[in-house]
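Colleague: Pasting a structure below so you can have a look.
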Amino acid sequence: MHNRVRETGGRLVRMVKRDEIGRGKALAIRAAALLCAMAVGTLLIVALGHQPLAVYMEMLNGSLGSRTVLTETVKIALPLIFCGIAISIAFRMRFWNIGAEGQLLMGGIAATYVALFHYQHLPRPALLLVMALAALAAGALWGLIPAVFKARWGTNETLFTLMLNYIALGYIRYLQTGTWRDPRMRGFPKIASFDLSARLPNVLGVHVGWIVMLALVVLAYLYLTRTKSGFEISVVGQSQPTASYIGMNVSRIVMRTMAISGALAGLAGYFQVAGVNYTLTETTAGGIGFTAITVAWLAKLNPILIVPVAFFIAILEKGAGKIQTTFKIPASAADVLTGIILFFMLGCEFFLQYRLIFRAGRKETL
């Protein structure tokens with residue numbers, strides 16, 4: 001007679017959610033992810049015919065090596081922080097706001113309108129304040145629209161906010177070729193540059209937005225963790241039926257929160273047009289709203305942690321630009337290198353929340 005072997009034991013790998021993980025272990029996992037990212041990036045750099053250590057050092061030097069490049073890195077990080085906070089507020093409520101890009105653009109459009117057509121009627125402090133208020137209002141409105149549809153008719157906020165991005169971008173293209181086109185450009189579709197009175201002053205080489213950012217980070221943290229509204233956002237995010245059962249007006253909370261989220265993204269648009277570009281273009285957002293989603297997730301929707309995460313991504317972006325010119329690395333390859341690092345950093349978040357259990361299959365002889 002022949003013996004028959006049967007394998008039992010079910011799945012060989014199981015995914016189990018972690019109850020809690022210590023800071024030391026979490027730091028070790030993140031460090032391992034960064035090392036893996038650099039190792040994979042090294043393969044890419046070697047394939048391009050360059051020395052990995054020299055390329056990585058040039059990335060750091062190109063983003064932090066002097067005061068000039070440091071200020072440019074800060075300028076890259078600032079809108080990521082504003083939009084990261086905006087997104088984190090909505091995501092805490094499990095309202096998937098993918099529209100920070102459009103909300104930023106609408107804030108920029110509103111601020112540009114004031115800058116172009118009212119700079120002669122207002123003193124500089126009042127002009128800058130009105131521009132900021134217009135940007136806040138426009139961003140809030142752009143965030144409120146999908147919230148109203150979600151609250152009233154249960155529409156999909158992911159698709160709704162995503163589509164609003166393209167509407168905002170299309171409106172800018174219309175303005176560039178329409179009434180806002182600079183007549184001095186002889187037909188080239190460009191909006192006129194701002195008057196000096198509509199440009200933000202610099203403090204330590206960077207526009208004053210960085211001071212506002214520091215205040216906003218603290219205020220956002222306190223709002224989410226120490227106020228009744230912040231508590232309501234958390235409850236709605238955990239369970240809307242529970243929130244309704246204990247007497248919360250879920251629809252009102254959703255609309256209020258998205259108005260705040262949109263307003264903060266709109267404020268980022270104000271700082272982009274008044275403190276960096278001094279005009280409005282199709283590239284004013286430049287993917288900031290989408291990159292900010294990564295910032296918010298890596299920071300675990302914590303406004304305090306958003307600051308270092310945004311600076312980390314700004315260093316990668318600025319450094320990638322530097323190695324393109326120094327080593328003649330194609331822009332696509334530099335973007336791939338940045339993407340590899342971000343992929344591993346995002347991937348490590350999985351291992352911070354879950355662990356894998358491997359089990360060898362058992363064999364029975366019949």
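Here's how to read the names in the structure tokens: chain A, B, ... by the order shown, residue numbers from 1 in each chain, ligand numbers from 1 in the order shown.
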I need the helix (DSSP H, G or I) residues of segment 81-114 of chain A per DSSP on the backbone, written as a ChimeraX atom specification.

Modeller: /A:81-92,100-114

Colleague: Identify all residues of segment 27-225 of chain A in strand (DSSP E) (DSSP on the backbone) and supply them as an NGL selection string.

Modeller: :A and (202-203 or 206-207)

Colleague: Write the residues you've just listed into a file as an mmCIF file, in the first residue's frame, and include N, CA, C and O atoms for each of them.

Modeller:
data_model
loop_
_atom_site.group_PDB
_atom_site.id
_atom_site.type_symbol
_atom_site.label_atom_id
_atom_site.label_comp_id
_atom_site.auth_asym_id
_atom_site.auth_seq_id
_atom_site.Cartn_x
_atom_site.Cartn_y
_atom_site.Cartn_z
ATOM 1 N N ASN A 202 8.975 89.698 2.354
ATOM 2 C CA ASN A 202 9.795 88.570 2.769
ATOM 3 C C ASN A 202 10.312 88.768 4.188
ATOM 4 O O ASN A 202 10.600 89.889 4.608
ATOM 5 N N VAL A 203 10.427 87.678 4.907
ATOM 6 C CA VAL A 203 11.036 87.664 6.233
ATOM 7 C C VAL A 203 12.066 86.544 6.235
ATOM 8 O O VAL A 203 11.720 85.375 6.013
ATOM 9 N N VAL A 206 12.108 84.462 2.913
ATOM 10 C CA VAL A 206 10.898 83.736 2.506
ATOM 11 C C VAL A 206 9.691 84.610 2.806
ATOM 12 O O VAL A 206 9.691 85.361 3.786
ATOM 13 N N HIS A 207 8.664 84.530 1.968
ATOM 14 C CA HIS A 207 7.479 85.347 2.207
ATOM 15 C C HIS A 207 6.864 85.048 3.578
ATOM 16 O O HIS A 207 7.087 83.981 4.160
#

Colleague: Go through A:Ile260, A:Ala314, A:Ala151, A:Tyr56 one by one, measure the shortest atom-to-atom distance of each to Ala37 of chain A using only C-alpha atoms, and give the residue with the smallest value.

Modeller: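 Of the candidates, the smallest distance to Ala37 of chain A is held by A:Tyr56.
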
Colleague: Tell me which protein, DNA and RNA residues are within 10 Å of Gln353 of chain A, counting only C-alpha atoms, leaving out same-chain ones fewer than 6 positions away, and put them as a list in words.

Modeller: Val16, Lys17, Arg18, Asp19, Glu20, Ile21 and Ala26 of chain A

Colleague: Provide the atom CA of Thr242 of chain A to atom CA of Trp153 of chain A distance in Å, to one decimal place.

Modeller: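 It comes out at 19.7 Å.
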
Colleague: Skipping near chain neighbours, those fewer than 6 positions away, what residues fall within 12 Å of Gly170 of chain A using only C-alpha atoms, listed as a list in words?

Modeller: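 The neighbour list is Gly102, Leu105, Met106, Ile109, Met163, Leu164, Gln176, Thr177, Thr281, Glu282 and Thr283 of chain A.
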
Colleague: Please, what distance in Å, to one decimal, runs between atom CA of Ser239 of chain A and atom CA of Leu162 of chain A?

Modeller: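 According to the coordinates, atom CA of Ser239 of chain A and atom CA of Leu162 of chain A are separated by 24.1 Å.
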
Colleague: Find the spatial neighbours of Leu144 of chain A, counting only C-alpha atoms, within a cut-off of 7 Å - ignore same-chain residues fewer than 5 positions away - and output them as a ChimeraX atom specification.

Modeller: /A:255,258-259

Colleague: Those same residues - N, CA, C and O atoms - I'd like them written as a compact mmCIF listing (two decimals), in the first residue's frame.

Modeller:
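Everything below was put into out.txt:
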# COMPACT_ATOMS: atom_id res chain seq x y z
N MET A 255 -20.35 69.73 6.08
CA MET A 255 -20.24 70.96 5.31
C MET A 255 -19.29 71.95 5.98
O MET A 255 -18.48 72.60 5.31
N MET A 258 -15.62 70.70 5.53
CA MET A 258 -15.10 70.85 4.17
C MET A 258 -14.91 72.32 3.80
O MET A 258 -14.03 72.65 3.00
N ALA A 259 -15.71 73.19 4.37
CA ALA A 259 -15.49 74.63 4.14
C ALA A 259 -14.15 75.04 4.73
O ALA A 259 -13.39 75.81 4.12

Colleague: List as a ChimeraX atom specification the protein and nucleic acid residues near Ala331 of chain A, meaning an atom at most 9 Å away when only C-alpha atoms are counted, but skip any in the same chain fewer than 6 places from it.

Modeller: /A:320-321,324

Colleague: In Å to one decimal, how far is atom CA of Leu222 of chain A from atom CA of Ala296 of chain A?

Modeller: 16.9 Å

Colleague: Excluding Leu27 of chain A and any residue of its chain fewer than 6 positions from it, enumerate the residues within 12 Å of it, using only C-alpha atoms, and give them as a compact mmCIF listing (two decimals) with N, CA and C atoms, in the first residue's frame.

Modeller:
# COMPACT_ATOMS: atom_id res chain seq x y z
N ILE A 21 2.44 49.64 18.92
CA ILE A 21 3.85 49.46 18.58
C ILE A 21 4.65 50.56 19.26
N ALA A 33 12.95 51.07 6.08
CA ALA A 33 12.31 51.44 4.81
C ALA A 33 13.16 52.44 4.05
N LEU A 34 13.75 53.40 4.76
CA LEU A 34 14.60 54.39 4.11
C LEU A 34 15.85 53.74 3.53
N MET A 345 8.63 54.65 1.89
CA MET A 345 8.19 55.34 3.10
C MET A 345 6.69 55.14 3.34
N CYS A 348 6.10 51.37 4.40
CA CYS A 348 6.44 51.00 5.78
C CYS A 348 5.28 51.27 6.73
N GLU A 349 4.38 52.18 6.34
CA GLU A 349 3.22 52.46 7.19
C GLU A 349 2.35 51.21 7.35
N PHE A 351 3.47 48.14 7.69
CA PHE A 351 4.07 47.30 8.71
C PHE A 351 3.99 47.94 10.10
N LEU A 352 3.68 49.23 10.14
CA LEU A 352 3.45 49.88 11.44
C LEU A 352 2.06 49.56 11.98

Colleague: Could you check the closest approach to Thr325 of chain A for each of A:Gly289, A:Gly62, A:Gly24, A:Pro52 and tell me which residue wins, using only C-alpha atoms?

Modeller: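 Looking at the shortest contact to Thr325 of chain A, the residue is A:Gly62.
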
Colleague: Which of these, A:Gly205, A:Ala115, A:Phe188, A:Leu216, has the shortest distance to Ala268 of chain A once you count only C-alpha atoms?

Modeller: A:Leu216

Colleague: With only C-alpha atoms as the atoms that count, which of A:Ile29, A:Ala292, A:Leu204, A:Ala77 lies nearest to Pro308 of chain A?

Modeller: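 Checking each candidate against Pro308 of chain A, we get A:Ala77 as the closest.
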